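Colleague: Hey, dropping protein21.csv in here, CSV, C-alpha atoms and all ligand atoms:
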```
chain,number,residue,atom,x,y,z
A,424,MET,CA,-8.7,19.5,-15.2
A,425,VAL,CA,-6.3,16.6,-14.8
A,426,HIS,CA,-6.9,13.1,-13.5
A,427,ASN,CA,-4.2,11.2,-11.7
A,428,PHE,CA,-4.0,7.4,-12.0
A,429,ASN,CA,-0.3,7.2,-10.9
A,430,ALA,CA,0.7,4.0,-9.1
A,431,GLY,CA,2.9,5.7,-6.5
A,432,PRO,CA,3.7,8.3,-5.4
A,433,SER,CA,0.1,9.0,-6.2
A,434,ILE,CA,-2.9,11.2,-5.8
A,435,LEU,CA,-3.8,12.6,-2.3
A,436,PRO,CA,-6.8,14.6,-1.3
A,437,ALA,CA,-6.8,18.2,-2.6
A,438,GLU,CA,-7.5,19.5,0.9
A,439,VAL,CA,-4.4,17.6,2.1
A,440,PHE,CA,-2.2,19.4,-0.5
A,441,ARG,CA,-3.7,22.7,0.5
A,442,GLN,CA,-3.2,22.2,4.3
A,443,ALA,CA,0.3,20.7,3.8
A,444,SER,CA,1.4,23.7,1.7
A,445,GLU,CA,0.0,26.1,4.3
A,446,ALA,CA,1.9,24.3,7.0
A,447,ILE,CA,5.2,24.7,5.0
A,448,VAL,CA,4.8,28.4,5.2
A,449,ASN,CA,3.2,28.9,8.6
A,450,TYR,CA,2.4,25.9,10.8
A,451,ASN,CA,-0.6,26.5,13.1
A,452,ASN,CA,0.0,30.2,13.1
A,453,MET,CA,3.3,29.7,14.9
A,454,GLY,CA,5.1,31.9,12.4
A,455,LEU,CA,7.2,28.9,11.7
A,456,SER,CA,7.2,26.3,8.9
A,457,ILE,CA,6.5,22.7,9.9
A,458,LEU,CA,9.9,22.0,8.3
A,459,GLU,CA,11.7,24.1,10.9
A,460,ILE,CA,10.3,22.9,14.2
A,461,GLY,CA,12.1,20.3,16.3
A,462,HIS,CA,10.6,16.9,16.3
A,463,ARG,CA,10.7,16.9,20.2
A,464,THR,CA,8.5,20.0,20.4
A,465,ASP,CA,4.9,19.8,21.6
A,466,ALA,CA,3.9,21.0,18.2
A,467,PHE,CA,5.3,18.0,16.4
A,468,GLN,CA,4.6,15.5,19.2
A,469,SER,CA,0.9,16.3,18.8
A,470,VAL,CA,1.2,15.5,15.1
A,471,MET,CA,2.8,12.1,15.8
A,472,ASP,CA,0.3,11.3,18.6
A,473,GLU,CA,-2.7,12.2,16.4
A,474,ALA,CA,-1.3,10.2,13.4
A,475,GLN,CA,-0.8,7.1,15.6
A,476,SER,CA,-4.2,7.3,17.3
A,477,LEU,CA,-6.0,7.9,13.9
A,478,VAL,CA,-4.3,4.7,12.6
A,479,LYS,CA,-5.5,2.8,15.7
A,480,GLU,CA,-9.0,4.2,15.4
A,481,LEU,CA,-9.5,3.8,11.6
A,482,MET,CA,-8.1,0.2,11.7
A,483,GLY,CA,-9.9,-0.7,15.0
A,484,LEU,CA,-6.6,-2.0,16.5
A,485,ASP,CA,-6.3,-3.8,19.8
A,486,SER,CA,-4.3,-2.2,22.6
A,487,ASN,CA,-1.4,-4.6,22.1
A,488,LYS,CA,-0.6,-3.2,18.6
A,489,GLU,CA,2.2,-0.6,18.3
A,490,VAL,CA,2.0,2.0,15.5
A,491,LEU,CA,5.3,3.2,14.2
A,492,PHE,CA,6.3,5.6,11.4
A,493,LEU,CA,9.7,4.5,10.1
A,494,HIS,CA,12.2,5.4,7.4
A,495,GLY,CA,13.3,3.5,4.3
A,496,GLY,CA,10.2,2.7,2.4
A,497,ALA,CA,8.4,-0.6,2.3
A,498,SER,CA,11.6,-2.1,0.7
A,499,THR,CA,13.4,-1.7,4.1
A,500,GLN,CA,10.7,-3.8,5.7
A,501,PHE,CA,11.6,-6.6,3.3
A,502,PHE,CA,14.7,-7.1,5.4
A,503,GLN,CA,13.7,-5.5,8.7
A,504,VAL,CA,10.9,-8.0,9.1
A,505,PRO,CA,13.0,-11.1,8.9
A,506,MET,CA,15.8,-9.5,10.8
A,507,ASN,CA,13.5,-9.0,13.8
A,508,LEU,CA,11.3,-12.1,13.4
A,509,LEU,CA,13.3,-14.9,11.7
A,510,ASP,CA,16.0,-16.6,13.6
A,511,ASP,CA,19.1,-18.1,11.8
A,512,ASN,CA,17.9,-21.7,12.1
A,513,ALA,CA,14.2,-21.0,11.7
A,514,LYS,CA,11.9,-20.9,8.7
A,515,ALA,CA,9.5,-18.4,7.4
A,516,ALA,CA,6.7,-19.1,4.9
A,517,TYR,CA,6.0,-16.7,2.0
A,518,LEU,CA,3.5,-16.5,-0.7
A,519,ASP,CA,5.0,-15.4,-4.1
A,520,CYS,CA,2.4,-13.3,-5.9
A,521,GLY,CA,4.3,-10.7,-7.8
A,522,VAL,CA,7.4,-8.5,-8.0
A,523,TRP,CA,7.1,-7.1,-4.5
A,524,GLY,CA,6.6,-10.4,-2.8
A,525,THR,CA,9.6,-11.8,-4.8
A,526,LYS,CA,11.8,-9.0,-3.4
A,527,ALA,CA,10.6,-9.7,0.1
A,528,ILE,CA,11.5,-13.4,-0.3
A,529,LYS,CA,15.0,-12.5,-1.6
A,530,GLU,CA,15.7,-10.4,1.5
A,531,ALA,CA,14.2,-12.9,4.0
A,532,LYS,CA,16.7,-15.6,2.7
A,533,LEU,CA,19.5,-13.5,4.1
A,534,TYR,CA,18.3,-14.2,7.6
A,535,GLY,CA,16.9,-17.7,7.7
A,536,SER,CA,15.3,-20.3,5.5
A,537,VAL,CA,12.2,-19.5,3.4
A,538,GLU,CA,9.5,-21.8,2.3
A,539,VAL,CA,7.6,-20.5,-0.7
A,540,VAL,CA,4.2,-22.0,-0.1
A,541,ALA,CA,2.8,-21.2,-3.5
A,542,SER,CA,3.6,-19.0,-6.5
A,543,SER,CA,1.6,-17.6,-9.4
A,544,LYS,CA,4.8,-17.0,-11.5
A,545,ASP,CA,3.7,-19.7,-13.9
A,546,ARG,CA,1.1,-17.3,-15.3
A,547,ASN,CA,2.9,-14.0,-15.0
A,548,TYR,CA,1.3,-13.5,-11.6
A,549,ALA,CA,-2.1,-12.9,-13.1
A,550,TYR,CA,-3.9,-14.8,-10.3
A,551,ILE,CA,-3.7,-15.5,-6.6
A,552,PRO,CA,-2.8,-19.1,-5.7
A,553,LYS,CA,-5.3,-20.9,-3.6
A,554,GLY,CA,-5.5,-24.2,-1.6
A,555,TYR,CA,-1.9,-24.1,-0.5
A,556,ALA,CA,-0.8,-25.3,3.0
A,557,ILE,CA,0.9,-23.0,5.4
A,558,PRO,CA,3.5,-24.9,7.6
A,559,SER,CA,2.7,-24.6,11.3
A,560,ASP,CA,6.4,-24.7,12.2
A,561,ALA,CA,7.3,-21.5,10.4
A,562,SER,CA,8.0,-18.3,12.4
A,563,TYR,CA,5.5,-16.4,10.3
A,564,PHE,CA,3.6,-16.3,7.0
A,565,HIS,CA,4.2,-13.3,4.8
A,566,TYR,CA,2.1,-12.1,1.9
A,567,THR,CA,1.3,-9.0,-0.2
A,568,THR,CA,-2.3,-8.0,0.2
A,569,ASN,CA,-2.4,-6.1,-3.1
A,570,ASN,CA,0.0,-6.7,-6.0
A,571,THR,CA,0.5,-3.2,-7.3
A,572,VAL,CA,2.2,-4.1,-10.5
A,573,GLU,CA,0.2,-7.2,-11.6
A,574,GLY,CA,-3.2,-5.9,-10.5
A,575,THR,CA,-4.3,-8.8,-8.2
A,576,GLN,CA,-5.5,-8.6,-4.6
A,577,MET,CA,-6.2,-11.0,-1.9
A,578,HIS,CA,-9.8,-10.7,-0.9
A,579,ALA,CA,-9.6,-12.9,2.2
A,580,ILE,CA,-7.2,-13.3,5.0
A,581,PRO,CA,-5.5,-16.8,4.9
A,582,GLU,CA,-6.3,-19.2,7.7
A,583,THR,CA,-3.3,-20.1,9.8
A,584,SER,CA,-2.3,-20.5,13.4
A,585,ILE,CA,1.2,-18.9,12.9
A,586,PRO,CA,1.7,-15.1,13.0
A,587,LEU,CA,0.6,-13.2,9.8
A,588,VAL,CA,2.8,-10.6,8.3
A,589,ALA,CA,1.5,-8.5,5.4
A,590,ASP,CA,2.8,-5.9,3.0
A,591,MET,CA,-0.2,-3.6,2.6
A,592,SER,CA,1.6,-0.8,0.8
A,593,SER,CA,-0.9,-0.4,-2.0
A,594,ASP,CA,-4.3,-1.2,-0.3
A,595,ILE,CA,-4.0,-0.2,3.3
A,596,LEU,CA,-7.1,1.5,4.6
A,597,SER,CA,-9.0,0.8,1.4
A,598,THR,CA,-11.2,-2.0,2.5
A,599,THR,CA,-12.4,-3.2,5.9
A,600,MET,CA,-10.8,-6.2,7.3
A,601,ASP,CA,-9.9,-7.6,10.7
A,602,PHE,CA,-6.5,-5.9,11.0
A,603,ASN,CA,-6.0,-7.5,14.4
A,604,ARG,CA,-5.4,-10.8,12.7
A,605,PHE,CA,-2.0,-9.6,11.7
A,606,SER,CA,1.0,-9.7,13.9
A,607,LEU,CA,2.8,-7.2,11.7
A,608,ILE,CA,1.6,-4.9,8.9
A,609,TYR,CA,3.7,-2.6,6.9
A,610,ALA,CA,3.0,-0.1,4.2
A,611,GLY,CA,5.0,2.6,2.3
A,612,ALA,CA,2.9,5.7,2.8
A,613,GLN,CA,3.0,7.0,-0.8
A,614,LYS,CA,0.1,5.0,-2.2
A,615,ASN,CA,-2.8,5.3,0.2
A,616,ILE,CA,-1.7,7.3,3.3
A,617,GLY,CA,0.6,10.1,2.5
A,618,ALA,CA,3.8,11.4,1.1
A,619,ALA,CA,6.8,9.3,0.2
A,620,GLY,CA,9.5,9.0,2.8
A,621,VAL,CA,7.8,7.1,5.6
A,622,ASN,CA,6.5,3.6,6.3
A,623,LEU,CA,3.6,2.7,8.5
A,624,VAL,CA,4.5,-0.3,10.6
A,625,ILE,CA,2.0,-1.9,13.0
A,626,VAL,CA,3.5,-4.6,15.2
A,627,ASP,CA,2.2,-6.8,17.9
A,628,ASN,CA,4.6,-6.8,20.9
A,629,GLU,CA,4.1,-10.5,21.4
A,630,ILE,CA,6.1,-11.5,18.3
A,631,LEU,CA,9.2,-9.6,19.3
A,632,ASN,CA,12.1,-10.9,21.5
A,633,LYS,CA,12.2,-14.2,19.6
A,634,VAL,CA,15.4,-13.9,17.7
A,635,SER,CA,18.9,-14.3,19.1
A,636,ARG,CA,20.8,-12.1,16.7
A,637,LYS,CA,22.1,-8.7,17.6
A,638,LEU,CA,20.2,-5.9,15.8
A,639,PRO,CA,21.4,-2.4,14.9
A,640,THR,CA,19.4,0.0,17.1
A,641,MET,CA,17.7,1.7,14.1
A,642,MET,CA,16.6,-1.7,12.8
A,643,ASP,CA,15.1,-2.9,16.1
A,644,TYR,CA,11.4,-2.5,16.3
A,645,ARG,CA,11.6,-2.7,20.2
A,646,GLU,CA,13.8,0.4,20.2
A,647,HIS,CA,11.3,2.3,18.0
A,648,ILE,CA,8.5,1.2,20.3
A,649,LYS,CA,10.4,2.3,23.4
A,650,ASN,CA,11.0,5.7,21.9
A,651,GLY,CA,7.5,6.4,20.6
A,652,SER,CA,8.6,6.2,17.0
A,653,MET,CA,11.1,9.0,17.7
A,654,LEU,CA,14.3,7.1,18.1
A,655,ASN,CA,15.9,9.6,15.8
A,656,THR,CA,14.5,12.5,13.7
A,657,PRO,CA,11.4,11.1,12.1
A,658,PRO,CA,10.5,12.2,8.5
A,659,VAL,CA,8.4,15.0,10.0
A,660,PHE,CA,6.8,16.3,6.9
A,661,ALA,CA,5.8,12.9,5.6
A,662,VAL,CA,4.3,12.0,9.0
A,663,TYR,CA,2.4,15.3,8.9
A,664,VAL,CA,1.0,14.5,5.5
A,665,CYS,CA,-0.1,11.1,6.7
A,666,MET,CA,-1.9,12.7,9.6
A,667,LEU,CA,-3.8,15.0,7.3
A,668,THR,CA,-4.8,12.2,5.0
A,669,LEU,CA,-5.9,10.0,8.0
A,670,ARG,CA,-8.0,13.0,9.3
A,671,TRP,CA,-9.5,13.3,5.8
A,672,LEU,CA,-10.4,9.6,5.8
A,673,LYS,CA,-12.0,9.8,9.2
A,674,GLY,CA,-14.0,12.8,8.1
A,675,LEU,CA,-15.3,10.8,5.1
A,676,GLY,CA,-16.6,8.1,7.4
A,677,GLY,CA,-13.5,5.9,7.7
A,678,VAL,CA,-12.6,2.7,5.9
A,679,LYS,CA,-16.1,1.4,5.4
A,680,ALA,CA,-17.1,4.6,3.6
A,681,ILE,CA,-14.1,4.7,1.4
A,682,GLN,CA,-14.5,1.0,0.6
A,683,GLU,CA,-17.9,1.7,-0.9
A,684,ILE,CA,-16.5,4.4,-3.2
A,685,ASN,CA,-13.5,2.2,-4.1
A,686,GLU,CA,-15.9,-0.6,-5.1
A,687,GLN,CA,-17.9,1.8,-7.3
A,688,LYS,CA,-14.8,3.0,-9.0
A,689,ALA,CA,-13.4,-0.5,-9.6
A,690,LYS,CA,-16.8,-1.8,-10.9
A,691,LEU,CA,-17.2,1.0,-13.3
A,692,LEU,CA,-13.7,0.6,-14.6
A,693,TYR,CA,-13.8,-3.3,-15.0
A,694,ASP,CA,-17.3,-3.2,-16.4
A,695,THR,CA,-16.2,-0.8,-19.1
A,696,VAL,CA,-13.0,-2.7,-20.0
A,697,GLU,CA,-15.1,-5.9,-20.2
A,698,SER,CA,-17.7,-4.2,-22.5
A,699,ILE,CA,-15.0,-3.1,-25.0
A,700,PRO,CA,-13.6,-5.9,-27.2
A,701,LEU,CA,-10.5,-3.8,-28.0
A,702,PHE,CA,-9.3,-4.4,-24.4
A,703,ASN,CA,-8.2,-7.6,-22.6
A,704,LEU,CA,-8.2,-8.3,-18.9
A,705,PRO,CA,-5.4,-10.7,-18.0
A,706,VAL,CA,-6.2,-11.0,-14.3
A,707,ALA,CA,-8.4,-13.8,-12.9
A,708,THR,CA,-11.8,-12.3,-12.3
A,709,GLU,CA,-12.0,-13.2,-8.6
A,710,ASP,CA,-8.6,-11.8,-7.9
A,711,ARG,CA,-8.9,-8.4,-9.5
A,712,SER,CA,-7.5,-5.5,-7.5
A,713,LEU,CA,-9.8,-2.7,-6.4
A,714,MET,CA,-6.7,-0.4,-6.3
A,715,ASN,CA,-4.8,-1.2,-9.5
A,716,ALA,CA,-6.6,-2.3,-12.6
A,717,VAL,CA,-4.3,-3.9,-15.2
A,718,PHE,CA,-5.5,-4.4,-18.8
A,719,THR,CA,-4.1,-4.6,-22.2
A,720,MET,CA,-4.9,-3.8,-25.8
A,721,PRO,CA,-3.6,-6.5,-28.2
A,722,ASP,CA,-3.2,-4.1,-31.1
A,723,ALA,CA,0.0,-2.2,-30.4
A,724,GLU,CA,-0.8,0.7,-32.7
A,725,LEU,CA,-4.2,1.3,-31.0
A,726,GLU,CA,-2.5,1.0,-27.6
A,727,LYS,CA,-0.2,3.9,-28.5
A,728,ALA,CA,-3.1,5.8,-29.9
A,729,PHE,CA,-5.1,5.3,-26.7
A,730,LEU,CA,-2.2,6.4,-24.5
A,731,ALA,CA,-1.9,9.5,-26.6
A,732,THR,CA,-5.6,10.2,-26.2
A,733,CYS,CA,-5.2,9.9,-22.5
A,734,LYS,CA,-2.4,12.3,-22.5
A,735,THR,CA,-4.3,14.9,-24.5
A,736,ASN,CA,-7.1,14.6,-22.1
A,737,GLY,CA,-5.1,15.3,-19.0
A,738,MET,CA,-4.9,11.7,-17.7
A,739,TYR,CA,-1.7,10.8,-15.9
A,740,GLY,CA,-0.3,7.4,-15.1
A,741,VAL,CA,-2.4,5.2,-17.4
A,742,LYS,CA,0.6,3.4,-19.0
A,743,GLY,CA,1.2,-0.1,-17.6
A,744,HIS,CA,4.3,-1.1,-15.6
A,745,ARG,CA,7.2,-2.0,-17.9
A,746,SER,CA,7.1,-5.6,-16.8
A,747,VAL,CA,3.5,-6.1,-17.7
A,748,GLY,CA,2.8,-3.6,-20.5
A,749,GLY,CA,-0.6,-2.4,-21.5
A,750,PHE,CA,-2.4,-0.1,-19.0
A,751,ARG,CA,-2.6,0.2,-15.3
A,752,VAL,CA,-5.1,2.5,-13.7
A,753,SER,CA,-4.5,3.1,-10.1
A,754,MET,CA,-7.6,4.0,-8.1
A,755,TYR,CA,-6.4,4.7,-4.6
A,756,ASN,CA,-8.5,6.2,-1.8
A,757,ALA,CA,-8.0,9.8,-2.8
A,758,LEU,CA,-9.0,9.3,-6.5
A,759,PRO,CA,-12.5,10.7,-7.0
A,760,LEU,CA,-15.1,8.6,-8.7
A,761,GLU,CA,-15.4,11.4,-11.2
A,762,SER,CA,-11.9,10.6,-12.6
A,763,VAL,CA,-13.0,7.1,-13.4
A,764,VAL,CA,-16.2,8.4,-15.0
A,765,VAL,CA,-14.1,10.7,-17.3
A,766,LEU,CA,-11.6,7.9,-18.1
A,767,THR,CA,-14.3,5.3,-18.9
A,768,ASP,CA,-16.2,7.8,-21.1
A,769,LEU,CA,-12.9,8.4,-23.0
A,770,MET,CA,-12.5,4.6,-23.4
A,771,LYS,CA,-16.0,4.2,-24.8
A,772,ASP,CA,-15.5,7.1,-27.1
A,773,PHE,CA,-12.2,5.7,-28.3
A,774,ALA,CA,-13.8,2.3,-28.9
A,775,ASN,CA,-16.6,3.9,-30.9
A,776,LYS,CA,-14.1,5.6,-33.2
A,777,ASN,CA,-11.7,2.7,-33.5
A,778,GLY,CA,-13.7,-0.4,-33.0
B,801,LIG,C1,5.3,0.4,-3.8
B,801,LIG,C2,5.4,-0.9,-3.1
B,801,LIG,C3,6.5,-1.3,-2.4
B,801,LIG,C4,7.8,-0.5,-2.4
B,801,LIG,O1,7.7,0.6,-1.7
B,801,LIG,P1,9.0,1.6,-1.4
B,801,LIG,O2,8.4,2.5,-0.4
B,801,LIG,O3,9.3,2.2,-2.7
B,801,LIG,O4,10.1,0.8,-0.9
B,801,LIG,C5,6.5,-2.5,-1.7
B,801,LIG,N1,5.4,-3.3,-1.7
B,801,LIG,C6,4.3,-2.9,-2.4
B,801,LIG,C7,3.1,-3.8,-2.4
B,801,LIG,C8,4.3,-1.8,-3.1
B,801,LIG,O5,3.1,-1.4,-3.8
```
How does the structure come out when it is put into structure tokens?
Modeller:
Amino acid sequence: MVHNFNAGPSILPAEVFRQASEAIVNYNNMGLSILEIGHRTDAFQSVMDEAQSLVKELMGLDSNKEVLFLHGGASTQFFQVPMNLLDDNAKAAYLDCGVWGTKAIKEAKLYGSVEVVASSKDRNYAYIPKGYAIPSDASYFHYTTNNTVEGTQMHAIPETSIPLVADMSSDILSTTMDFNRFSLIYAGAQKNIGAAGVNLVIVDNEILNKVSRKLPTMMDYREHIKNGSMLNTPPVFAVYVCMLTLRWLKGLGGVKAIQEINEQKAKLLYDTVESIPLFNLPVATEDRSLMNAVFTMPDAELEKAFLATCKTNGMYGVKGHRSVGGFRVSMYNALPLESVVVLTDLMKDFANKNG
């Protein structure tokens, strides 16, 4: 028995792996693999249609929202967003809360001016800034809902009258929220919704047509919308895995149901870390992420020993990101509560032997 706390690509439901592997050999009893059917066939069109409609249903999206499955990872959205939304002489507002937000800011500066409204860099991104003002003359406000590397998460949607844009790569569909408040949402699939190789982009038609620059066809959201997310060959298998995962989530009862499980997992993990003096929690309590728990062990020798114990016990992905150190335990939607129970038992046992 193994337990997968990898940060991304990461765990997906076991039934998704089973169904996806069956489809590689024989898709829907066609005698063909999902990998060898044309993307313009009815067989694949129905996969795309179902994936898009499940996103709309699970997120409760209004009819003006377009659902796209695009290439290039969330990192492509770092520049595709400003390319489509930020005119040369205009300004965008960004919140700087971690390594991913920093990368998004760097790319946006290629297209217009960027006002960083607040940053938590002063304390190694261990908290979410609060009480900042969002300029009303900016084209949009961009933030990262969950900081995968640093283990912080925004637990409320900022109040503003300008369009909201969010990178939800590592917490999409993990907690209920009013997704219609956002003009654009993007997420790499490989953390909460599927296999690497595809991005989910949800965009409000109304914010397009506002920049004067010429856009390469493949970078233009309007072209993807016009072509039903099939401007060119989509990453068919990655989209298929998303569809299976979305079906699984719907079967469980949707976002509200998974949120309850996610809260239980996070509570158990954080309570355990707090109860063991060997561990330290650098992240501000109110900003802790439900998805990625970051904690440290000040004693370097014990840290090594604990990582070795995790390895012997079949725990993958517990080691922290190289920029933060310590440990990072990712608890995405597909991670069963049981895995957190086993890990926290191991932590308590380790503390008893070494405390
Ligand atoms: C993983 C991650 C990314 C990068 O995703 P790629 O698909 O590798 O480009 C961007 N933003 C956040 C919040 C992430 O967690």
Colleague: Which residues sit within 8 Å of ligand LIG 801 (chain B), counting all atoms listed in the file, listed as a list in words?
Modeller: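 Checked against 8 Å with all atoms listed in the file; the hits are Ala430, Gly431, Gly495, Gly496, Ala497, Ser498, Thr499, Trp523, Gly524, Thr567, Thr568, Asn569, Asn570, Thr571, Val572, Asp590, Met591, Ser592, Ser593, Ala610, Gly611, Ala612, Gln613, Lys614, Ala619, Gly620, Val621 and Asn622 of chain A.
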Colleague: From the list A:Ala757, A:Ile585, A:Val659, A:Leu493, which residue is nearest Glu646 in chain A when using all atoms listed in the file?
Modeller: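 Of the candidates, the smallest distance to Glu646 in chain A is held by A:Leu493.
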Colleague: Would you mind listing what lies within 10 Å of Val626 in chain A as a list in words, with all atoms listed in the file counted and same-chain residues fewer than 2 positions away left out?
Modeller: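 The neighbour list is Asn487, Lys488, Glu489, Val490, Leu491, Val588, Asn603, Phe605, Ser606, Leu607, Ile608, Tyr609, Leu623, Val624, Asn628, Glu629, Ile630, Leu631, Tyr644, Arg645 and Ile648 of chain A.
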Colleague: Mind giving me the straight-line distance from CA of Ile616 in chain A to CA of Leu758 in chain A in Å, one decimal?
Modeller: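 Result for CA of Ile616 in chain A versus CA of Leu758 in chain A: 12.4 Å, one decimal.
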Colleague: For Val741 in chain A, find every residue with an atom within 10 Å (counting only C-alpha atoms), except residues of its own chain fewer than 6 positions away, and show them as number ranges by chain.
Modeller: A: 426-430, 716-717, 729-730, 733-734, 749-753, 766
Colleague: So, counting only C-alpha atoms, which residue among A:Thr598, A:Pro700, A:Ile684, A:Ala728 is closest to Pro759 in chain A?
Modeller: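 Closest to Pro759 in chain A of all the choices is A:Ile684.
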Colleague: Near Gln442 in chain A, counting all atoms listed in the file, which residues have an atom at most 12 Å away, once you skip same-chain residues fewer than 5 positions from it, shown as an NGL selection string?
Modeller: :A and (435-437 or 447-451 or 457 or 660 or 663-668 or 670-671)
Colleague: For the residues selected in the previous step, produce a file with C-alpha atoms as a short mmCIF file (atom, residue, chain, number, x, y, z; two decimals), in the coordinates of the input.
Modeller:
```
data_model
loop_
_atom_site.label_atom_id
_atom_site.label_comp_id
_atom_site.auth_asym_id
_atom_site.auth_seq_id
_atom_site.Cartn_x
_atom_site.Cartn_y
_atom_site.Cartn_z
CA LEU A 435 -3.80 12.60 -2.30
CA PRO A 436 -6.80 14.60 -1.30
CA ALA A 437 -6.80 18.20 -2.60
CA ILE A 447 5.20 24.70 5.00
CA VAL A 448 4.80 28.40 5.20
CA ASN A 449 3.20 28.90 8.60
CA TYR A 450 2.40 25.90 10.80
CA ASN A 451 -0.60 26.50 13.10
CA ILE A 457 6.50 22.70 9.90
CA PHE A 660 6.80 16.30 6.90
CA TYR A 663 2.40 15.30 8.90
CA VAL A 664 1.00 14.50 5.50
CA CYS A 665 -0.10 11.10 6.70
CA MET A 666 -1.90 12.70 9.60
CA LEU A 667 -3.80 15.00 7.30
CA THR A 668 -4.80 12.20 5.00
CA ARG A 670 -8.00 13.00 9.30
CA TRP A 671 -9.50 13.30 5.80
#
```
Colleague: Just checking: using all atoms listed in the file, which residue out of A:Asp560, A:Leu713, A:Gly574, A:Gly674 ends up closest to Ile595 in chain A?
Modeller: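 Once distances to Ile595 in chain A are computed over all atoms listed in the file, the minimum belongs to A:Leu713.
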